[in-house]
Amino acid sequence: MMVEDSFIAARRKARKVAFQVLYEVDSVNHPWDQVSSRYLKGTRLPEEAASFARGLVEGVLANIARIDSTISEFAPSWPVSQLSVVDRNLLRLAIYELLIERTSPPKVVINEAVELAKLFGSDSSFRFINGVLGSVVEAEKLSTR
């Protein structure tokens with residue numbers, strides 16, 4: 001149980017770092033690898049978790065057009081460019097994990113994104129994130145039947 005808890009905690013911290021890197025890259029366009037290195041230096045993440053964080057950032061940035069198109073599809077009232085930087089990057093991160101990386105259960109990905117939204121977003125961010133991601137997962141379930 002203890003090993004599992006530390007694995008979960010490390011993945012949670014890795015997602016938080018990945019989100020912070022994506023936020024900075026999106027806000028001020030710093031090179032992602034330099035931003036990642038700086039953030040990872042400040043955390044005491046096990047190498048596996050640090051690698052997970054780097055992979056998340058790299059994956060989101062490599063698939064950003066597909067991910068943003070998914071956001072547009074499931075949040076049509078909110079143009080991606082007009083979303084808050086927090087909401088936009090939490091959605092990008094979670095949609096990457098849900099639709100492309102697919103190594104974590106959808107419930108875990110959504111829960112982690114909601115928790116980060118509560119930590120970094122506005123009062124309504126977590127509800128918005130939860131709603132969009134729930135719709136993405138439902139649509140994905142229907143398309144894989």
# chains A, B, ... in the order shown; residues from 1 in each chain; ligands from 1
$ select_by_dssp --residues "region 35-142 of chain A" --states "helix (DSSP H, G or I)" --output "PyMOL selection string"
chain A and resi 35-41+47-62+64-74+80-82+85-101+106-120+125-142
$ residues_around --residues "Leu99 (chain A)" --least-positions-apart "2" --cutoff "12 Å" --atoms "only C-alpha atoms" --output "NGL selection string"
:A and (59-60 or 63 or 66-67 or 70-71 or 91-97 or 101-106 or 109 or 133 or 136-141 or 143-144)
$ atom_distance --atom1 "CA of Leu83 (chain A)" --atom2 "CA of Arg11 (chain A)"
25.7 Å
$ residues_around --residues "Val86 (chain A)" --least-positions-apart "5" --cutoff "10 Å" --atoms "only C-alpha atoms" --output "VMD selection string"
chain A and resid 19 to 20 22 to 23 26 to 27 91 to 92 116 to 117 120 to 122 125
$ closest_residue --among "A:Ser6, A:Asn29, A:Ser72, A:Ser77" --to "Ala49 (chain A)" --atoms "only C-alpha atoms"
A:Ser6
$ residues_around --residues "Pro46 (chain A)" --least-positions-apart "5" --cutoff "12 Å" --atoms "only C-alpha atoms" --output "PyMOL selection string"
chain A and resi 6-11+13-14+40-41+51-53
$ atom_distance --atom1 "CA of Ser36 (chain A)" --atom2 "CA of Phe74 (chain A)"
28.8 Å
$ closest_residue --among "A:Asn111, A:Val132, A:Gly55, A:Val17" --to "Arg88 (chain A)" --atoms "only C-alpha atoms"
A:Val132
$ atom_distance --atom1 "CA of Trp78 (chain A)" --atom2 "CA of Arg54 (chain A)"
28.1 Å
$ closest_residue --among "A:Ile100, A:Ala75, A:Val35, A:Val114" --to "Ser135 (chain A)" --atoms "only C-alpha atoms"
A:Ala75
